[in-house]
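*Asks:* Structure file start_29.txt (compact mmCIF, C-alpha atoms and all ligand atoms) right here:
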```txt
# COMPACT_ATOMS: atom_id res chain seq x y z
CA MET A 22 -14.90 14.32 14.16
CA SER A 23 -16.04 15.03 10.57
CA ASN A 24 -13.88 12.19 9.27
CA ILE A 25 -15.51 9.86 11.81
CA VAL A 26 -18.99 11.03 10.80
CA ASP A 27 -18.10 10.31 7.16
CA LEU A 28 -16.78 6.85 8.01
CA ASP A 29 -19.82 6.08 10.15
CA LYS A 30 -22.22 7.22 7.44
CA LYS A 31 -20.37 5.22 4.80
CA TYR A 32 -19.75 1.95 6.66
CA VAL A 33 -22.14 1.62 9.63
CA LEU A 34 -25.78 0.61 9.16
CA PRO A 35 -28.03 3.54 10.07
CA THR A 36 -29.95 1.89 12.93
CA TYR A 37 -29.29 4.76 15.36
CA ALA A 38 -30.36 8.39 15.13
CA ARG A 39 -27.02 9.53 16.51
CA ALA A 40 -26.53 12.91 18.17
CA ASP A 41 -23.89 15.07 16.55
CA VAL A 42 -21.16 14.51 19.12
CA GLU A 43 -18.21 12.18 19.58
CA PHE A 44 -16.96 11.63 23.12
CA VAL A 45 -13.28 10.83 23.46
CA SER A 46 -12.68 10.55 27.19
CA GLY A 47 -14.38 10.55 30.55
CA SER A 48 -13.85 10.47 34.28
CA ASN A 49 -16.55 9.35 36.69
CA ALA A 50 -19.67 11.38 35.66
CA ARG A 51 -17.79 13.70 33.31
CA LEU A 52 -17.23 13.44 29.56
CA VAL A 53 -15.07 15.28 27.03
CA ASP A 54 -15.88 15.45 23.31
CA SER A 55 -13.59 15.59 20.27
CA GLU A 56 -13.61 19.42 20.38
CA GLY A 57 -12.47 19.45 24.00
CA LYS A 58 -15.88 20.51 25.32
CA LYS A 59 -16.73 19.19 28.81
CA TYR A 60 -20.01 17.66 29.93
CA VAL A 61 -21.64 16.22 33.03
CA ASP A 62 -23.08 12.81 32.22
CA PHE A 63 -26.54 12.09 33.66
CA ALA A 64 -27.01 9.12 31.30
CA SER A 65 -23.96 6.88 31.94
CA GLY A 66 -24.27 5.16 28.58
CA ILE A 67 -27.89 4.18 29.37
CA ALA A 68 -27.26 2.91 32.92
CA VAL A 69 -24.15 0.99 31.87
CA CYS A 70 -21.29 3.01 33.38
CA SER A 71 -22.55 2.35 36.90
CA VAL A 72 -19.18 3.14 38.53
CA GLY A 73 -18.42 6.05 36.19
CA HIS A 74 -16.13 6.47 33.20
CA ALA A 75 -12.51 5.32 33.36
CA ASN A 76 -12.97 3.78 36.78
CA LYS A 77 -9.43 3.07 37.96
CA ARG A 78 -10.24 -0.03 40.00
CA VAL A 79 -12.17 -1.65 37.14
CA ASN A 80 -9.52 -0.69 34.57
CA ASP A 81 -6.66 -1.98 36.77
CA ALA A 82 -8.49 -5.28 37.35
CA ILE A 83 -9.18 -5.72 33.63
CA CYS A 84 -5.62 -4.84 32.58
CA LYS A 85 -4.15 -7.24 35.12
CA GLN A 86 -6.45 -10.04 33.90
CA LEU A 87 -5.80 -9.35 30.21
CA SER A 88 -2.06 -9.57 30.72
CA ASN A 89 -2.68 -13.22 31.66
CA ILE A 90 -5.61 -14.46 29.57
CA THR A 91 -8.77 -13.04 27.94
CA HIS A 92 -10.71 -16.00 26.62
CA THR A 93 -10.71 -19.80 26.64
CA SER A 94 -14.42 -20.66 25.95
CA ASN A 95 -16.80 -22.32 28.36
CA LEU A 96 -15.34 -25.76 27.68
CA TYR A 97 -13.01 -25.04 30.62
CA TYR A 98 -13.33 -23.56 34.10
CA ILE A 99 -13.10 -19.76 34.27
CA ALA A 100 -12.11 -18.46 37.72
CA PRO A 101 -13.56 -14.93 37.51
CA GLN A 102 -16.84 -16.35 36.11
CA ALA A 103 -17.27 -18.58 39.16
CA ARG A 104 -16.37 -15.66 41.45
CA ALA A 105 -18.71 -13.26 39.66
CA ALA A 106 -21.55 -15.79 39.98
CA GLN A 107 -20.89 -16.07 43.73
CA LYS A 108 -20.82 -12.29 44.19
CA ILE A 109 -24.01 -11.77 42.17
CA VAL A 110 -25.94 -14.54 43.92
CA GLU A 111 -24.78 -13.41 47.38
CA ALA A 112 -25.61 -9.75 46.70
CA SER A 113 -29.08 -10.76 45.46
CA GLY A 114 -29.90 -12.68 48.63
CA TYR A 115 -31.62 -15.37 46.52
CA ASP A 116 -30.76 -19.07 46.30
CA MET A 117 -29.95 -19.10 42.58
CA LYS A 118 -27.42 -20.11 39.93
CA CYS A 119 -26.17 -17.98 37.02
CA PHE A 120 -25.69 -18.32 33.28
CA PHE A 121 -23.50 -15.71 31.57
CA GLY A 122 -24.12 -14.11 28.18
CA ASN A 123 -23.19 -10.78 26.60
CA SER A 124 -26.24 -8.54 26.62
CA GLY A 125 -29.65 -7.87 28.06
CA ALA A 126 -31.42 -9.48 25.14
CA GLU A 127 -29.27 -12.60 25.46
CA ALA A 128 -30.02 -12.77 29.19
CA ASN A 129 -33.75 -12.53 28.45
CA GLU A 130 -33.48 -15.18 25.73
CA GLY A 131 -31.97 -17.41 28.41
CA ALA A 132 -34.85 -16.60 30.76
CA ILE A 133 -37.41 -17.50 28.08
CA LYS A 134 -35.58 -20.78 27.39
CA ILE A 135 -35.63 -21.58 31.12
CA ALA A 136 -39.38 -20.87 31.16
CA ARG A 137 -40.06 -23.06 28.12
CA LYS A 138 -37.96 -25.95 29.46
CA PHE A 139 -39.67 -25.61 32.86
CA GLY A 140 -43.05 -25.67 31.08
CA GLU A 141 -42.01 -28.77 29.15
CA LYS A 142 -40.96 -30.92 32.06
CA ASP A 143 -43.53 -29.68 34.53
CA GLY A 144 -46.99 -31.24 34.27
CA GLU A 145 -48.89 -33.20 31.68
CA ILE A 146 -49.30 -30.61 28.94
CA LYS A 147 -46.63 -28.44 27.42
CA ARG A 148 -46.75 -24.98 28.96
CA TYR A 149 -45.20 -22.35 26.70
CA LYS A 150 -46.94 -18.98 27.14
CA VAL A 151 -45.02 -16.07 28.62
CA ILE A 152 -47.02 -13.07 29.78
CA THR A 153 -45.35 -9.65 29.54
CA LEU A 154 -46.63 -6.10 30.01
CA GLN A 155 -47.68 -3.41 27.58
CA HIS A 156 -45.00 -0.69 27.30
CA SER A 157 -42.31 -3.17 28.34
CA PHE A 158 -38.91 -3.54 26.71
CA HIS A 159 -37.03 -6.83 26.68
CA GLY A 160 -34.59 -6.58 23.77
CA ARG A 161 -34.01 -6.58 20.02
CA THR A 162 -33.62 -10.23 19.03
CA ILE A 163 -36.58 -11.75 17.21
CA THR A 164 -37.83 -13.44 20.39
CA THR A 165 -37.19 -10.61 22.86
CA VAL A 166 -38.66 -8.04 20.48
CA LYS A 167 -41.79 -10.21 20.40
CA ALA A 168 -41.69 -10.41 24.21
CA THR A 169 -41.66 -6.60 24.20
CA GLY A 170 -45.19 -5.26 24.61
CA GLN A 171 -44.98 -2.52 21.99
CA GLU A 172 -46.96 -3.18 18.83
CA LYS A 173 -44.93 -0.63 16.87
CA MET A 174 -41.81 -2.79 17.29
CA HIS A 175 -43.47 -5.82 15.67
CA ASN A 176 -43.33 -4.54 12.11
CA TYR A 177 -41.21 -6.07 9.35
CA PHE A 178 -39.51 -8.96 11.15
CA GLY A 179 -42.15 -11.68 11.37
CA PRO A 180 -43.04 -14.46 11.57
CA TYR A 181 -42.26 -14.37 15.28
CA PRO A 182 -42.18 -17.18 17.84
CA ASP A 183 -45.63 -17.87 19.30
CA GLY A 184 -46.62 -17.73 22.90
CA PHE A 185 -46.25 -14.12 24.04
CA VAL A 186 -49.27 -12.56 25.69
CA TYR A 187 -49.45 -8.90 26.77
CA ALA A 188 -51.20 -7.66 29.87
CA ASP A 189 -52.43 -4.06 29.90
CA ASN A 190 -51.09 -3.62 33.43
CA ILE A 191 -49.85 -5.57 36.43
CA GLU A 192 -53.37 -6.03 37.83
CA HIS A 193 -54.42 -7.64 34.53
CA VAL A 194 -51.71 -10.36 34.51
CA ALA A 195 -53.43 -12.94 36.74
CA SER A 196 -56.54 -13.02 34.53
CA LEU A 197 -54.39 -14.05 31.53
CA VAL A 198 -52.77 -17.05 33.25
CA ASP A 199 -54.11 -20.30 31.79
CA GLU A 200 -53.06 -23.97 31.60
CA HIS A 201 -50.46 -23.10 28.94
CA THR A 202 -48.72 -20.30 30.90
CA CYS A 203 -45.19 -21.11 32.07
CA ALA A 204 -43.94 -17.66 33.08
CA VAL A 205 -44.58 -13.97 33.58
CA MET A 206 -41.74 -11.60 32.67
CA ILE A 207 -41.81 -8.00 33.93
CA GLU A 208 -39.62 -4.98 34.62
CA LEU A 209 -40.34 -3.61 38.11
CA VAL A 210 -39.53 -0.11 36.87
CA GLN A 211 -40.25 0.04 33.16
CA GLY A 212 -37.21 1.78 31.69
CA GLU A 213 -37.71 2.38 27.98
CA GLY A 214 -41.46 2.52 28.68
CA GLY A 215 -41.03 5.78 30.63
CA VAL A 216 -39.32 5.11 34.01
CA GLN A 217 -42.60 3.71 35.33
CA PRO A 218 -42.43 1.83 38.67
CA LEU A 219 -45.04 -0.90 39.18
CA ASP A 220 -47.22 -0.81 42.28
CA LYS A 221 -45.48 -2.76 45.08
CA LYS A 222 -48.64 -4.32 46.57
CA ALA A 223 -49.83 -5.44 43.12
CA VAL A 224 -46.45 -7.04 42.37
CA GLN A 225 -46.41 -8.85 45.73
CA GLU A 226 -49.95 -10.14 45.16
CA LEU A 227 -49.05 -11.34 41.69
CA ALA A 228 -45.94 -13.08 43.06
CA LYS A 229 -48.11 -14.96 45.56
CA PHE A 230 -50.65 -15.91 42.89
CA LEU A 231 -47.96 -17.20 40.50
CA LYS A 232 -46.41 -19.38 43.26
CA LEU A 233 -49.82 -21.03 43.76
CA LYS A 234 -50.15 -21.60 40.02
CA ASN A 235 -46.55 -22.88 39.70
CA VAL A 236 -45.88 -20.20 37.06
CA LEU A 237 -42.39 -18.65 37.03
CA LEU A 238 -42.00 -14.98 37.96
CA MET A 239 -39.15 -13.60 35.83
CA ILE A 240 -37.87 -10.10 36.57
CA ASP A 241 -36.06 -8.27 33.78
CA GLU A 242 -33.52 -6.27 35.79
CA VAL A 243 -31.33 -5.46 32.80
CA GLN A 244 -31.79 -1.76 33.61
CA THR A 245 -32.94 -1.80 37.26
CA GLY A 246 -30.32 -4.27 38.50
CA VAL A 247 -26.93 -3.83 40.17
CA TYR A 248 -27.98 -1.08 42.63
CA ARG A 249 -29.67 1.21 40.08
CA THR A 250 -32.71 1.55 42.40
CA GLY A 251 -30.60 1.70 45.58
CA LYS A 252 -30.78 -2.04 46.34
CA PHE A 253 -28.79 -4.69 44.47
CA LEU A 254 -32.00 -5.71 42.70
CA ALA A 255 -35.30 -3.90 42.32
CA ALA A 256 -36.78 -7.26 43.38
CA ASN A 257 -35.11 -6.69 46.79
CA TYR A 258 -36.78 -3.28 46.93
CA TYR A 259 -40.14 -4.85 46.08
CA GLU A 260 -39.56 -7.61 48.68
CA ILE A 261 -40.45 -10.49 46.38
CA GLU A 262 -38.84 -13.88 45.67
CA PRO A 263 -38.59 -14.19 41.88
CA ASP A 264 -37.80 -17.45 40.11
CA VAL A 265 -35.66 -15.86 37.38
CA VAL A 266 -33.74 -12.55 37.26
CA THR A 267 -31.84 -11.08 34.32
CA LEU A 268 -29.04 -8.49 34.56
CA ALA A 269 -26.84 -6.72 32.05
CA LYS A 270 -26.41 -2.96 31.67
CA GLY A 271 -24.74 -1.83 34.89
CA LEU A 272 -22.99 -5.11 35.70
CA GLY A 273 -19.79 -4.77 33.66
CA GLY A 274 -19.28 -1.02 34.05
CA GLY A 275 -19.14 -0.73 30.25
CA VAL A 276 -17.85 -4.19 29.36
CA PRO A 277 -20.59 -6.24 27.63
CA ILE A 278 -22.11 -8.86 29.92
CA GLY A 279 -25.52 -10.37 30.60
CA VAL A 280 -26.70 -12.80 33.25
CA VAL A 281 -29.75 -14.92 33.76
CA MET A 282 -30.03 -16.35 37.26
CA THR A 283 -32.66 -18.71 38.58
CA THR A 284 -33.86 -20.80 41.49
CA GLN A 285 -34.50 -23.57 38.90
CA LYS A 286 -30.97 -24.86 39.34
CA ASP A 287 -31.37 -28.05 37.33
CA VAL A 288 -33.71 -26.90 34.58
CA PHE A 289 -30.82 -26.92 32.09
CA SER A 290 -28.53 -29.88 31.38
CA ALA A 291 -25.20 -29.73 29.54
CA GLY A 292 -25.87 -28.72 25.94
CA ASP A 293 -29.25 -27.02 26.56
CA HIS A 294 -27.83 -23.53 26.36
CA GLY A 295 -24.53 -21.83 25.69
CA SER A 296 -22.65 -18.73 24.60
CA THR A 297 -19.19 -18.59 23.08
CA PHE A 298 -18.15 -15.30 24.65
CA GLY A 299 -20.47 -15.45 27.65
CA GLY A 300 -18.74 -15.08 31.01
CA ASN A 301 -15.20 -14.87 29.66
CA PHE A 302 -12.24 -13.58 31.68
CA LEU A 303 -12.65 -9.98 30.50
CA SER A 304 -16.34 -9.45 31.24
CA THR A 305 -16.50 -11.37 34.51
CA THR A 306 -13.35 -9.72 35.88
CA ALA A 307 -15.04 -6.37 35.22
CA ALA A 308 -18.26 -7.58 36.86
CA CYS A 309 -16.41 -8.79 39.98
CA GLU A 310 -14.80 -5.39 40.45
CA VAL A 311 -18.01 -3.45 39.73
CA VAL A 312 -20.00 -5.51 42.23
CA ASP A 313 -17.21 -5.14 44.85
CA ILE A 314 -17.14 -1.35 44.44
CA LEU A 315 -20.92 -1.03 44.60
CA ASN A 316 -21.21 -3.43 47.57
CA GLU A 317 -18.74 -1.18 49.41
CA ILE A 318 -20.57 2.09 48.72
CA TYR A 319 -23.88 0.41 49.54
CA ASP A 320 -22.57 -0.92 52.87
CA SER A 321 -20.99 2.43 53.81
CA GLY A 322 -24.21 4.32 53.13
CA GLU A 323 -22.53 6.43 50.44
CA LEU A 324 -24.81 5.12 47.69
CA GLN A 325 -27.94 6.17 49.59
CA LYS A 326 -26.36 9.57 50.25
CA ASN A 327 -25.68 10.02 46.52
CA ILE A 328 -29.25 8.98 45.70
CA ASP A 329 -30.75 11.32 48.31
CA TYR A 330 -28.69 14.28 47.12
CA PHE A 331 -29.48 13.65 43.46
CA ASP A 332 -33.17 13.30 44.33
CA SER A 333 -33.26 16.55 46.34
CA GLU A 334 -31.63 18.47 43.47
CA LEU A 335 -34.01 16.85 40.96
CA GLU A 336 -36.95 17.84 43.16
CA LYS A 337 -35.74 21.48 43.18
CA PHE A 338 -35.31 21.41 39.42
CA TYR A 339 -38.77 19.91 38.96
CA THR A 340 -40.37 22.49 41.24
CA ALA A 341 -38.66 25.34 39.37
CA HIS A 342 -40.00 24.14 36.00
CA LYS A 343 -43.56 23.01 36.67
CA ASP A 344 -44.63 24.85 33.54
CA ILE A 345 -42.80 22.13 31.55
CA PHE A 346 -42.92 19.01 33.74
CA THR A 347 -46.02 17.25 35.06
CA SER A 348 -44.51 14.71 37.48
CA LYS A 349 -41.35 13.21 38.90
CA VAL A 350 -41.02 9.43 38.49
CA GLY A 351 -38.66 6.57 39.27
CA ILE A 352 -36.76 4.92 42.12
CA GLY A 353 -33.20 5.53 43.31
CA MET A 354 -30.84 6.55 40.50
CA MET A 355 -33.40 5.55 37.88
CA CYS A 356 -35.46 8.68 37.64
CA GLY A 357 -37.30 10.92 35.27
CA LEU A 358 -39.57 13.87 34.74
CA ARG A 359 -42.72 13.67 32.63
CA VAL A 360 -42.81 16.46 30.06
CA LYS A 361 -46.06 18.02 28.89
CA ASP A 362 -45.27 17.39 25.21
CA GLY A 363 -42.79 15.29 23.27
CA ASP A 364 -41.49 18.11 21.05
CA THR A 365 -40.37 20.08 24.10
CA LEU A 366 -38.56 16.96 25.35
CA THR A 367 -36.54 16.69 22.14
CA LYS A 368 -35.57 20.36 22.51
CA ILE A 369 -34.60 19.90 26.17
CA ILE A 370 -32.26 17.02 25.36
CA TYR A 371 -30.63 19.02 22.56
CA ARG A 372 -30.31 22.24 24.58
CA ALA A 373 -29.00 20.30 27.60
CA ARG A 374 -26.19 18.90 25.49
CA GLU A 375 -25.35 22.38 24.21
CA GLU A 376 -25.19 23.55 27.83
CA GLY A 377 -22.95 20.60 28.76
CA VAL A 378 -25.15 17.95 30.37
CA ILE A 379 -26.14 14.60 28.87
CA VAL A 380 -29.70 13.41 29.50
CA LEU A 381 -31.97 10.78 27.93
CA LYS A 382 -35.46 10.24 26.66
CA ALA A 383 -37.76 7.36 27.69
CA GLY A 384 -41.09 6.56 26.12
CA ARG A 385 -42.77 9.48 24.40
CA ASP A 386 -42.68 12.06 27.13
CA THR A 387 -40.14 11.27 29.85
CA LEU A 388 -36.82 13.00 30.49
CA ARG A 389 -34.74 10.13 31.89
CA LEU A 390 -31.77 10.46 34.23
CA LEU A 391 -29.49 7.49 34.94
CA PRO A 392 -26.31 8.94 36.47
CA ALA A 393 -23.32 6.89 37.59
CA LEU A 394 -23.98 5.51 41.07
CA THR A 395 -20.64 7.03 42.08
CA ILE A 396 -21.57 10.54 40.91
CA THR A 397 -20.19 13.26 43.22
CA LYS A 398 -21.99 16.24 44.77
CA GLU A 399 -19.96 18.61 42.55
CA GLU A 400 -20.94 16.69 39.41
CA ILE A 401 -24.61 16.73 40.44
CA ASP A 402 -24.49 20.47 41.17
CA GLU A 403 -22.82 21.27 37.85
CA GLY A 404 -25.23 19.05 35.92
CA PHE A 405 -28.28 20.78 37.34
CA ILE A 406 -26.80 24.25 36.75
CA SER A 407 -26.43 23.28 33.07
CA LEU A 408 -29.91 21.75 32.97
CA ASN A 409 -31.42 24.92 34.45
CA ARG A 410 -29.60 27.02 31.85
CA ALA A 411 -30.98 24.75 29.12
CA LEU A 412 -34.55 25.03 30.41
CA ASN A 413 -34.35 28.79 30.91
CA SER A 414 -33.25 29.28 27.31
CA LEU A 415 -35.92 27.15 25.64
C1 LIG B 1 -31.66 -2.37 27.64
C2 LIG B 1 -32.67 -3.37 28.04
C3 LIG B 1 -32.73 -4.64 27.43
C4 LIG B 1 -31.86 -5.01 26.25
O1 LIG B 1 -30.52 -5.05 26.58
P1 LIG B 1 -29.41 -5.17 25.39
O2 LIG B 1 -28.12 -5.29 26.14
O3 LIG B 1 -29.52 -3.94 24.57
O4 LIG B 1 -29.73 -6.38 24.62
C5 LIG B 1 -33.63 -5.56 27.92
N1 LIG B 1 -34.45 -5.26 28.94
C6 LIG B 1 -34.43 -4.05 29.56
C7 LIG B 1 -35.33 -3.80 30.71
C8 LIG B 1 -33.55 -3.07 29.12
O5 LIG B 1 -33.55 -1.87 29.71
```
So that I can check it, write out the structure of this file as structure tokens.
Ligand SMILES: *Cc1c(COP(=O)(O)O)cnc(C)c1O

*Replies:*
Amino acid sequence: MSNIVDLDKKYVLPTYARADVEFVSGSNARLVDSEGKKYVDFASGIAVCSVGHANKRVNDAICKQLSNITHTSNLYYIAPQARAAQKIVEASGYDMKCFFGNSGAEANEGAIKIARKFGEKDGEIKRYKVITLQHSFHGRTITTVKATGQEKMHNYFGPYPDGFVYADNIEHVASLVDEHTCAVMIELVQGEGGVQPLDKKAVQELAKFLKLKNVLLMIDEVQTGVYRTGKFLAANYYEIEPDVVTLAKGLGGGVPIGVVMTTQKDVFSAGDHGSTFGGNFLSTTAACEVVDILNEIYDSGELQKNIDYFDSELEKFYTAHKDIFTSKVGIGMMCGLRVKDGDTLTKIIYRAREEGVIVLKAGRDTLRLLPALTITKEEIDEGFISLNRALNSL
């Protein structure tokens, strides 16, 4: 490990405040570090390892594909890309088409390009404004960082693209729509912002209003998507019909992939958008297998059972530590506990790791839990035993 720390410090740009641990292997919701210490993983690589670590079905599918071909570029047909698109669209229940990229930010860039092109061709004047929410998170590229409604992230990197407008909350969005607005982009459960679900009625009313105004409703499901909330999309849970949806984190089970999908099937023509790596054989083979596995555990009821059990244990944990936590938040396997103060949260995350359970922070004051959707009862039990030990020793 120390050699790796030295290498990292010498050759990798210091953009991450890394924890002092190096994981070397994993299995479902368990991890092992370079010293051989074992952990339960309640973070799954920030909602990425949706079917757990070292998933045999995903690994077998990838290995089989890679023994034939990994990459050809999008100048040619790619069988697993077409199949992944079909699986994603069918699981969503929406009449959409997909574009494949490599990350959440790239998916959201695609969404913003769709919105701008839609605003160009639709109507007399150019519509270009995209409304997003305060406390949102949409990515780290220059455009998606500007789309992110967090003033503190807009230092240093300007000038930024124009046209992003921030609403204080979901109820405030409609009042900001004007003749230049082409889209509204929101997370239904704000992830980085603190695991904050939006009010369902307010979202449904906004969706109706935007349809009337011919303004696109774009849902950033980079974190909420692919069954994280218990349904394939959080948009399914909210019972709305969005115009654009973006996916990334949980879709490839750890292989980088991003998708923007839309009902605007002919907004782009050949040459309007592209991505060299996007949708290649590796990432889309992984996505096909991940979606198959999760469709199966959704259909069998196992996913809901896992969610219910995790939630009941989280509720017990919350009740036992009301001196530290103020509320329980989230939907499905995207959950959190609000902590009374941020310093305590930092200590909890550190102590939890010492006790052998990996948890995350969101916003200033939220302990965030994003376990693998395939997490077992034993893993959940062990994780909460460790978490309790961590809390009791604060
Ligand atoms: C993580 C995240 C992103 C950015 O995804 P990257 O793959 O890091 O570019 C965008 N939107 C939401 C809601 C996210 O949680």

*Asks:* I'd like the interatomic distance between atom CA of Val151 of chain A and atom CA of Phe185 of chain A, to a tenth of an Å.

*Replies:* 5.1 Å

*Asks:* So for ligand LIG 1 (chain B), what box centre and size do we get, axis-aligned, 8 Å extra on each of the six sides, every listed atom, Å to one decimal, as AutoDock Vina command-line options?

*Replies:*
```
--center_x -31.7 --center_y -4.1 --center_z 27.6 --size_x 23.2 --size_y 20.5 --size_z 22.1
```

*Asks:* At a cut-off of 6 Å and counting all atoms listed in the file, what residues surround ligand LIG 1 (chain B)? Please answer as a short mmCIF file (atom, residue, chain, number, x, y, z; two decimals) with C-alpha atoms, in the coordinates of the input.

*Replies:*
```
data_model
loop_
_atom_site.label_atom_id
_atom_site.label_comp_id
_atom_site.auth_asym_id
_atom_site.auth_seq_id
_atom_site.Cartn_x
_atom_site.Cartn_y
_atom_site.Cartn_z
CA SER A 124 -26.24 -8.54 26.62
CA GLY A 125 -29.65 -7.87 28.06
CA ALA A 126 -31.42 -9.48 25.14
CA PHE A 158 -38.91 -3.54 26.71
CA HIS A 159 -37.03 -6.83 26.68
CA GLY A 160 -34.59 -6.58 23.77
CA GLU A 208 -39.62 -4.98 34.62
CA GLY A 212 -37.21 1.78 31.69
CA ASP A 241 -36.06 -8.27 33.78
CA GLU A 242 -33.52 -6.27 35.79
CA VAL A 243 -31.33 -5.46 32.80
CA GLN A 244 -31.79 -1.76 33.61
#
```

*Asks:* Just give me the gap between atom CA of Tyr339 of chain A and atom CA of Cys70 of chain A in Å, one decimal is fine.

*Replies:*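 If I compute the distance from atom CA of Tyr339 of chain A to atom CA of Cys70 of chain A, I get 24.9 Å.
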
*Asks:* Per residue of segment 244-332 of chain A within 9 Å of segment 382-398 of chain A, which atom pair is closest and at what distance in Å (one decimal), using all atoms listed in the file, listed by chain and increasing number, as a Markdown table?

*Replies:*
```
| residue | atom | partner | partner_atom | distance |
| --- | --- | --- | --- | --- |
| A:Tyr248 | CA | A:Leu394 | CA | 7.9 |
| A:Arg249 | CA | A:Leu394 | CA | 7.2 |
| A:Gly251 | CA | A:Leu394 | CA | 8.9 |
| A:Leu315 | CA | A:Leu394 | CA | 8.0 |
| A:Ile318 | CA | A:Thr395 | CA | 8.3 |
| A:Glu323 | CA | A:Thr395 | CA | 8.6 |
| A:Leu324 | CA | A:Leu394 | CA | 6.7 |
| A:Asn327 | CA | A:Ile396 | CA | 7.0 |
| A:Ile328 | CA | A:Leu394 | CA | 7.8 |
| A:Tyr330 | CA | A:Lys398 | CA | 7.4 |
| A:Phe331 | CA | A:Lys398 | CA | 8.0 |
```

*Asks:* Segment 365-371 of chain A: which residues within 8 Å, counting all atoms listed in the file, same-chain residues fewer than 2 positions away excluded, as a VMD selection string?

*Replies:* chain A and resid 360 to 363 373 to 375 379 to 382 386 to 388 411 to 412 415

*Asks:* Between segment 208-299 of chain A and segment 91-107 of chain A, at 10 Å or less, what are the per-residue closest atom pairs and their distances in Å? Count only C-alpha atoms, order by chain and rising residue number, and return it as JSON lines.

*Replies:*
```
{"residue": "A:Val280", "atom": "CA", "partner": "A:Ala106", "partner_atom": "CA", "distance": 9.0}
{"residue": "A:Met282", "atom": "CA", "partner": "A:Ala106", "partner_atom": "CA", "distance": 8.9}
{"residue": "A:Gly295", "atom": "CA", "partner": "A:Asn95", "partner_atom": "CA", "distance": 8.2}
{"residue": "A:Ser296", "atom": "CA", "partner": "A:Asn95", "partner_atom": "CA", "distance": 7.8}
{"residue": "A:Thr297", "atom": "CA", "partner": "A:Ser94", "partner_atom": "CA", "distance": 5.9}
{"residue": "A:Phe298", "atom": "CA", "partner": "A:Ser94", "partner_atom": "CA", "distance": 6.7}
{"residue": "A:Gly299", "atom": "CA", "partner": "A:Asn95", "partner_atom": "CA", "distance": 7.8}
```

*Asks:* List as a list in words the protein and nucleic acid residues near Ala50 of chain A, meaning an atom at most 6 Å away when all atoms listed in the file are counted, but skip any in the same chain fewer than 5 places from it.

*Replies:*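 The neighbour list is Val61, Asp62, Gly73 and Ile396 of chain A.
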
*Asks:* Dump as CSV the rows for residues of segment 265-365 of chain A within 8 Å of segment 216-228 of chain A: closest atom pair and distance in Å with one decimal, all atoms listed in the file counted, ordered by chain and rising residue number.

*Replies:*
```
residue,atom,partner,partner_atom,distance
A:Val350,CA,A:Val216,CA,6.5
A:Gly351,CA,A:Val216,CA,5.5
A:Ile352,CA,A:Pro218,CA,7.3
A:Met355,CA,A:Val216,CA,7.1
A:Cys356,CA,A:Val216,CA,6.4
A:Gly357,CA,A:Val216,CA,6.3
```

*Asks:* Any chance you can output those residues with C-alpha atoms as a tab-separated table (two decimals), keeping the file's coordinate frame?

*Replies:*
```tsv
chain	number	residue	atom	x	y	z
A	350	VAL	CA	-41.02	9.43	38.49
A	351	GLY	CA	-38.66	6.57	39.27
A	352	ILE	CA	-36.76	4.92	42.12
A	355	MET	CA	-33.40	5.55	37.88
A	356	CYS	CA	-35.46	8.68	37.64
A	357	GLY	CA	-37.30	10.92	35.27
```

*Asks:* Please report the interatomic distance between atom CA of Ser321 of chain A and atom CA of Phe302 of chain A in Å with one decimal.

*Replies:*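 Atom-to-atom, atom CA of Ser321 of chain A to atom CA of Phe302 of chain A, that is 28.7 Å.
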
*Asks:* Hey, which of A:His156, A:Lys232, A:Lys142, A:Lys270 ends up closest to Thr245 of chain A? Count all atoms listed in the file.

*Replies:*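 Nearest to Thr245 of chain A: A:Lys270.
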
*Asks:* Smallest atom-to-atom distance to Ala256 of chain A: which of A:Val288, A:Ala112, A:Val194, A:Ile133, using all atoms listed in the file?

*Replies:* A:Ala112

*Asks:* Which residues, written as a list in words, have at least one atom at most 9 Å from His342 of chain A, with all atoms listed in the file counted and residues fewer than 4 positions away on the same chain left out?

*Replies:*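 My list of contacting residues is Lys337, Phe338, Phe346, Asn409, Leu412 and Asn413 of chain A.
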